[in-house]
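Asker: Pasting a structure here, questions to come.
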Amino acid sequence: MDAVVSEDLVKIYEGGVKALDSVSLSVKQGIVYSLLGRNGAGKTTFLRIMATQLLPTSGRGHVLGYDIVSEARKIRENIAVIPQESRPMYILTVREHVKYFLMMRGLPMYEASQRASRIIHELDLEEYSNTLCMKLSGGLRRKVLVAMAMATEAEILFLDEPTTGLDPLSRRLVWDVIQRASRSGQTIFLTTHYMDEAEKISNEIAIIHSGRLLASGSLEEFKKLTPYKLKAEIPADNIRIEELREYGRVLKLGRRIIVYMADEESSRKLHDYCISTETPVAFSPLSLEDLFIKMVEENENS
Amino acid sequence: MKIVREIRALNALVLMNGLKPIIRSPLWLVVELSFPLTLIFFISLYASEKAVSEALIGAAISLMTLSGLALQSDVVWLRVELKFQDMAVASPISPTTYMLGLALSELAYSSPAILLIIVLMIFRGMITLGSIPLIFLSLILCWLFATSLGFYLSTKITDLRHIWALSSLLSVLISMLPPVYYSIDLLPEWAQALSLIIPTTHAALLAKDAVNLTSLTLFNKSISFIILLTWTILLTIIAANRSTWREK
């Protein structure tokens, strides 16, 4: 049984804004699944519907086999959520936050306390354990929310941009905790803007754009969706895009030009061209970010 | 055991939203006290001993009502600003337990003030053993009514500034303007009739009758009780069934 399944899920908000357009996807149990998309793509709407916070307009959804509309109570026993832009209560300490949240979910005080200590240790929050949240930085406050969700040990964790505002070290710490949770059998469904995050910790990825699912699968499957293997980044100043087209697919992003190339031969030729024209160039293998940009761009052009 | 889990959830909410914030910011207790005590002070300057006793009853009822209405601001704050309600919705806690937990946490702020009013009433010889059940019942029903009203309205409003305005307006309409702090006999007949629509008027009538500040017939007492109870049940049902827990 898959952990999360949606079939032709549609959400139209009051006023007629179509946030989701027939989204169908499935998430296997025990994996980290990342939903990627631009701002307003429909990531949060999808997450909120599957986490039983928001009703769909049409379509079907199941979480752990339970229907998201008629069996929401059963789903809620087994999930936890970090909403986007959520904040802790400023007048509580880090430890109180985690502990009381677990008690609110029905755990005995002693067990809640034990779990709070454990997650505070795992997330390297011990130094701030008894500090009021009002005295924490934005990143640390976000970490408190991650601690609250992770401490629930729920079967499925829905994390809406969980590492926004965290410094690089804290992000990695959260990634470790997420991966550990996944290894212990928990399913993590997260939305993120950070491609490196999705690439680093996800078993499977999906890209959503303007409410429509563009693709889903493992990173390897994503890479098979494009013939390109390498990319080159060139400053857009003093260069004619037309001259670059013979080396591969050319994309202009702000003041940068990106050339996607299918083989090393093309990259060698481009390298020679850049040397002869004294144009700075940086070569690198194709990343998830490139795939994302390419897919979104193609979708917008179509 | 479901009931045990519910009690743990209530305990957590009272600690989170009531006791811990009070310990760290006790000034709120003074704020709670200041409003009814100021009114009683002014009434004591200008009015009779009986009016002061009526004002004490009114203060107790008003404090319970305001405690229930204060729920509105916290619910909107937790939902809109902190997104805490989203975390609660996607958890095993029921909306009724969430509402009750937050309402009890609000009561924690009002409790010292209510206790002080009760002590003053005892000191003035107003309370007898026989009057306690009816006073207690009136206060509880008022609190439940205001809590349900507050919770229902708060789930419909998305801007904190709107709820501040609404909360202030309701406080005036439900606990200040009706004959809660003063005798209903001071009002002209049409205003008396109008005030009888408001549940706090009946709570005040019952409580004042219990301490012999007014004398209601058994029929009038029953009518007052039925109206107060009906309002409370109606609002509780609306809050439980019509409040927005899962968004549409």
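By order of appearance in the structure tokens: chains A, B, ..., then residues from 1 within every chain, and ligands from 1 in the order shown.
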Please determine the contact residues of chain A with respect to chain B at a cut-off of 8 Å, counting only C-alpha atoms, and supply them as JSON, numbers by chain.
Answerer: {"A": [51, 52, 53, 54, 55, 56, 73, 76, 77, 78, 79, 80, 81, 82, 83, 85, 86, 87, 88, 89, 91, 92, 96, 97, 100, 101, 103, 104, 105, 106, 107, 108, 109]}
Asker: How about saving the chosen residues, N, CA and C atoms kept, as a compact mmCIF listing (two decimals), in the first residue's frame?
Answerer:
```txt
# COMPACT_ATOMS: atom_id res chain seq x y z
N ALA A 51 -2.92 16.47 3.83
CA ALA A 51 -2.79 16.47 5.30
C ALA A 51 -4.13 16.78 5.98
N THR A 52 -5.19 16.71 5.23
CA THR A 52 -6.58 16.90 5.72
C THR A 52 -6.86 18.28 6.32
N GLN A 53 -6.12 19.28 5.87
CA GLN A 53 -6.38 20.64 6.36
C GLN A 53 -7.32 21.39 5.43
N LEU A 54 -7.39 20.92 4.19
CA LEU A 54 -8.14 21.63 3.15
C LEU A 54 -8.89 20.59 2.32
N LEU A 55 -10.13 20.94 1.95
CA LEU A 55 -10.91 20.00 1.15
C LEU A 55 -10.62 20.19 -0.34
N PRO A 56 -10.54 19.10 -1.09
CA PRO A 56 -10.36 19.26 -2.54
C PRO A 56 -11.68 19.65 -3.19
N ARG A 73 -10.18 11.64 10.19
CA ARG A 73 -9.80 11.39 11.59
C ARG A 73 -8.76 10.29 11.71
N ARG A 76 -5.43 11.61 10.61
CA ARG A 76 -4.82 12.54 11.56
C ARG A 76 -4.11 11.84 12.73
N GLU A 77 -4.52 10.61 12.99
CA GLU A 77 -3.85 9.84 14.05
C GLU A 77 -2.41 9.51 13.64
N ASN A 78 -2.16 9.52 12.33
CA ASN A 78 -0.89 8.98 11.83
C ASN A 78 -0.01 9.99 11.10
N ILE A 79 -0.37 11.25 11.16
CA ILE A 79 0.43 12.24 10.44
C ILE A 79 0.83 13.41 11.35
N ALA A 80 1.82 14.15 10.91
CA ALA A 80 2.15 15.43 11.56
C ALA A 80 2.57 16.39 10.45
N VAL A 81 2.41 17.67 10.72
CA VAL A 81 2.61 18.69 9.69
C VAL A 81 3.46 19.85 10.21
N ILE A 82 4.32 20.35 9.36
CA ILE A 82 4.90 21.69 9.62
C ILE A 82 4.36 22.59 8.52
N PRO A 83 3.49 23.52 8.88
CA PRO A 83 2.96 24.40 7.84
C PRO A 83 4.00 25.42 7.38
N GLU A 85 5.53 28.94 6.75
CA GLU A 85 5.49 30.21 7.49
C GLU A 85 4.92 30.09 8.89
N SER A 86 4.99 28.90 9.47
CA SER A 86 4.51 28.77 10.86
C SER A 86 5.59 29.26 11.81
N ARG A 87 5.16 29.63 12.99
CA ARG A 87 6.09 30.15 13.99
C ARG A 87 5.74 29.57 15.35
N PRO A 88 6.74 29.39 16.21
CA PRO A 88 6.41 28.91 17.57
C PRO A 88 5.84 30.04 18.43
N MET A 89 5.25 29.66 19.55
CA MET A 89 4.74 30.68 20.48
C MET A 89 5.94 31.29 21.20
N ILE A 91 6.35 32.88 23.87
CA ILE A 91 6.45 32.91 25.33
C ILE A 91 6.73 31.52 25.94
N LEU A 92 6.92 30.53 25.08
CA LEU A 92 7.28 29.18 25.56
C LEU A 92 8.74 28.89 25.24
N GLU A 96 9.42 23.22 26.18
CA GLU A 96 7.97 23.26 26.45
C GLU A 96 7.19 23.09 25.16
N HIS A 97 7.67 23.73 24.11
CA HIS A 97 6.99 23.64 22.83
C HIS A 97 6.81 22.21 22.38
N TYR A 100 4.65 20.05 25.06
CA TYR A 100 3.21 20.33 25.10
C TYR A 100 2.53 19.94 23.79
N PHE A 101 3.27 20.08 22.70
CA PHE A 101 2.68 19.67 21.42
C PHE A 101 2.42 18.16 21.42
N MET A 103 1.92 16.34 24.09
CA MET A 103 0.80 16.12 25.03
C MET A 103 -0.52 16.46 24.36
N MET A 104 -0.52 17.50 23.57
CA MET A 104 -1.75 17.88 22.86
C MET A 104 -2.19 16.78 21.92
N ARG A 105 -1.23 16.03 21.41
CA ARG A 105 -1.56 14.91 20.52
C ARG A 105 -1.94 13.65 21.30
N GLY A 106 -1.92 13.76 22.64
CA GLY A 106 -2.41 12.66 23.46
C GLY A 106 -1.36 11.85 24.18
N LEU A 107 -0.09 12.24 24.10
CA LEU A 107 0.96 11.49 24.78
C LEU A 107 0.99 11.82 26.27
N PRO A 108 1.34 10.82 27.11
CA PRO A 108 1.49 11.13 28.54
C PRO A 108 2.67 12.09 28.75
N MET A 109 2.59 12.85 29.84
CA MET A 109 3.59 13.89 30.08
C MET A 109 5.02 13.33 30.12
```
Asker: Using backbone DSSP assignments, extract all helix (DSSP H, G or I) residues from segment 83-115 of chain B; output them as a list in words.
Answerer: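 Answer for segment 83-115 of chain B restricted to helix (DSSP H, G or I) is Phe84, Gln85, Asp86, Met87, Ala88, Val89, Pro95, Thr96, Thr97, Tyr98, Met99, Leu100, Gly101, Leu102, Ala103, Leu104, Ser105, Glu106, Leu107, Ala108, Tyr109, Ser110, Ser111, Pro112, Ala113, Ile114 and Leu115 of chain B.
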Asker: Using the selection just defined, write its residues with C-alpha atoms as a short mmCIF file (atom, residue, chain, number, x, y, z; two decimals), in the first residue's frame.
Answerer:
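Listing of result-v1.cif after writing:
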```
data_model
loop_
_atom_site.label_atom_id
_atom_site.label_comp_id
_atom_site.auth_asym_id
_atom_site.auth_seq_id
_atom_site.Cartn_x
_atom_site.Cartn_y
_atom_site.Cartn_z
CA PHE B 84 -0.59 26.49 14.98
CA GLN B 85 -4.16 25.50 14.19
CA ASP B 86 -2.94 23.85 10.98
CA MET B 87 -0.70 21.66 13.11
CA ALA B 88 -3.64 20.91 15.40
CA VAL B 89 -6.00 20.09 12.53
CA PRO B 95 -11.99 20.81 17.31
CA THR B 96 -14.14 20.61 20.46
CA THR B 97 -11.15 19.68 22.62
CA TYR B 98 -9.08 22.40 20.97
CA MET B 99 -11.82 24.95 21.68
CA LEU B 100 -12.30 23.77 25.25
CA GLY B 101 -8.55 23.69 25.94
CA LEU B 102 -8.07 27.23 24.71
CA ALA B 103 -11.20 28.38 26.57
CA LEU B 104 -9.85 26.89 29.81
CA SER B 105 -6.54 28.61 29.17
CA GLU B 106 -8.42 31.92 28.91
CA LEU B 107 -10.19 31.12 32.16
CA ALA B 108 -6.80 30.81 33.83
CA TYR B 109 -6.31 34.55 33.17
CA SER B 110 -9.71 35.45 34.66
CA SER B 111 -9.66 33.06 37.62
CA PRO B 112 -7.78 35.27 40.11
CA ALA B 113 -10.12 38.19 39.32
CA ILE B 114 -13.21 36.01 39.70
CA LEU B 115 -11.87 34.64 42.97
#
```
Asker: Can you list every residue in segment 44-216 of chain A that DSSP puts in strand (DSSP E or B), as an MDAnalysis selection string?
Answerer: chainID A and resid 54 58:63 66:67 79:82 93 132 156:160 187:192 204:209 212:216
Asker: Give me the residues within 8 Å of Thr244 of chain B as a VMD selection string, counting only C-alpha atoms and dropping any in the same chain fewer than 3 places off.
Answerer: chain B and resid 152 155 to 156 247
Asker: What would the file look like if the residues just selected were written as an mmCIF file, in the first residue's frame with C-alpha atoms?
Answerer:
```cif
data_model
loop_
_atom_site.group_PDB
_atom_site.id
_atom_site.type_symbol
_atom_site.label_atom_id
_atom_site.label_comp_id
_atom_site.auth_asym_id
_atom_site.auth_seq_id
_atom_site.Cartn_x
_atom_site.Cartn_y
_atom_site.Cartn_z
ATOM 1 C CA TYR B 152 -17.427 30.116 16.021
ATOM 2 C CA THR B 155 -12.938 30.524 12.699
ATOM 3 C CA LYS B 156 -14.694 32.727 10.164
ATOM 4 C CA GLU B 247 -10.866 24.727 5.282
#
```
Asker: How many Å lie between atom CA of Ala262 of chain A and atom CA of Ala232 of chain A, rounded to one decimal?
Answerer: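 Pair atom CA of Ala262 of chain A / atom CA of Ala232 of chain A returns 11.4 Å.
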Asker: If we count only C-alpha atoms, what is near segment 181-198 of chain B at a cut-off of 6 Å, once residues fewer than 5 positions away on the same chain are taken out, given as a ChimeraX atom specification?
Answerer: /B:54-55,58
Asker: In Å, how far is it from atom CA of Trp175 of chain A to atom CA of Met134 of chain A?
Answerer: 24.8 Å
Asker: Do you have the atom CA of Thr45 of chain A-atom CA of Lys11 of chain A distance handy?
Answerer: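 About the pair atom CA of Thr45 of chain A and atom CA of Lys11 of chain A: they are 7.9 Å apart.
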Asker: Could you pull the residues within 12 Å of Ile132 of chain B, counting only C-alpha atoms, minus those fewer than 3 positions along the same chain, as number ranges by chain?
Answerer: B: 118, 121-122, 126-129, 135-139, 206-211
Asker: For Leu36 of chain A, list every protein, DNA or RNA residue within 7 Å, evaluated using only C-alpha atoms, and leave out those in the same chain fewer than 6 positions away; present the list as a PDB file with all heavy atoms, in the first residue's frame.
Answerer:
```
ATOM      1  N   THR A 191       7.797  19.776   0.694  1.00  0.00           N
ATOM      2  CA  THR A 191       7.859  20.718  -0.418  1.00  0.00           C
ATOM      3  C   THR A 191       9.095  21.574  -0.184  1.00  0.00           C
ATOM      4  O   THR A 191       9.473  21.831   0.969  1.00  0.00           O
ATOM      5  CB  THR A 191       6.638  21.657  -0.472  1.00  0.00           C
ATOM      6  OG1 THR A 191       6.722  22.570   0.619  1.00  0.00           O
ATOM      7  CG2 THR A 191       5.332  20.889  -0.419  1.00  0.00           C
ATOM      8  N   THR A 192       9.723  21.958  -1.249  1.00  0.00           N
ATOM      9  CA  THR A 192      10.919  22.788  -1.078  1.00  0.00           C
ATOM     10  C   THR A 192      11.212  23.596  -2.331  1.00  0.00           C
ATOM     11  O   THR A 192      10.803  23.230  -3.432  1.00  0.00           O
ATOM     12  CB  THR A 192      12.147  21.921  -0.694  1.00  0.00           C
ATOM     13  OG1 THR A 192      13.268  22.763  -0.493  1.00  0.00           O
ATOM     14  CG2 THR A 192      12.478  20.884  -1.763  1.00  0.00           C
ATOM     15  N   HIS A 193      11.929  24.706  -2.106  1.00  0.00           N
ATOM     16  CA  HIS A 193      12.429  25.496  -3.228  1.00  0.00           C
ATOM     17  C   HIS A 193      13.873  25.082  -3.522  1.00  0.00           C
ATOM     18  O   HIS A 193      14.407  25.417  -4.558  1.00  0.00           O
ATOM     19  CB  HIS A 193      12.480  26.988  -2.861  1.00  0.00           C
ATOM     20  CG  HIS A 193      11.158  27.629  -2.774  1.00  0.00           C
ATOM     21  ND1 HIS A 193      10.295  27.662  -3.826  1.00  0.00           N
ATOM     22  CD2 HIS A 193      10.547  28.279  -1.756  1.00  0.00           C
ATOM     23  CE1 HIS A 193       9.205  28.320  -3.458  1.00  0.00           C
ATOM     24  NE2 HIS A 193       9.332  28.688  -2.211  1.00  0.00           N
ATOM     25  N   ALA A 206       8.851  15.141  -7.425  1.00  0.00           N
ATOM     26  CA  ALA A 206       7.815  15.498  -8.401  1.00  0.00           C
ATOM     27  C   ALA A 206       7.919  16.994  -8.654  1.00  0.00           C
ATOM     28  O   ALA A 206       8.279  17.762  -7.751  1.00  0.00           O
ATOM     29  CB  ALA A 206       6.441  15.149  -7.860  1.00  0.00           C
ATOM     30  N   ILE A 207       7.627  17.385  -9.870  1.00  0.00           N
ATOM     31  CA  ILE A 207       7.637  18.822 -10.204  1.00  0.00           C
ATOM     32  C   ILE A 207       6.223  19.239 -10.576  1.00  0.00           C
ATOM     33  O   ILE A 207       5.563  18.600 -11.400  1.00  0.00           O
ATOM     34  CB  ILE A 207       8.624  19.122 -11.353  1.00  0.00           C
ATOM     35  CG1 ILE A 207      10.052  18.857 -10.874  1.00  0.00           C
ATOM     36  CG2 ILE A 207       8.480  20.568 -11.837  1.00  0.00           C
ATOM     37  CD1 ILE A 207      11.126  19.090 -11.925  1.00  0.00           C
ATOM     38  N   ILE A 208       5.792  20.296  -9.906  1.00  0.00           N
ATOM     39  CA  ILE A 208       4.446  20.815 -10.156  1.00  0.00           C
ATOM     40  C   ILE A 208       4.576  22.249 -10.672  1.00  0.00           C
ATOM     41  O   ILE A 208       5.437  23.008 -10.200  1.00  0.00           O
ATOM     42  CB  ILE A 208       3.588  20.712  -8.860  1.00  0.00           C
ATOM     43  CG1 ILE A 208       2.124  20.982  -9.135  1.00  0.00           C
ATOM     44  CG2 ILE A 208       4.108  21.612  -7.783  1.00  0.00           C
ATOM     45  CD1 ILE A 208       1.222  20.618  -7.970  1.00  0.00           C
TER      46      ILE A 208
END
```
Asker: Restricting the calculation to only C-alpha atoms: of B:Pro179, B:Thr201, B:Leu170, B:Leu213, which residue gets closest to Ala70 of chain B?
Answerer: B:Leu170
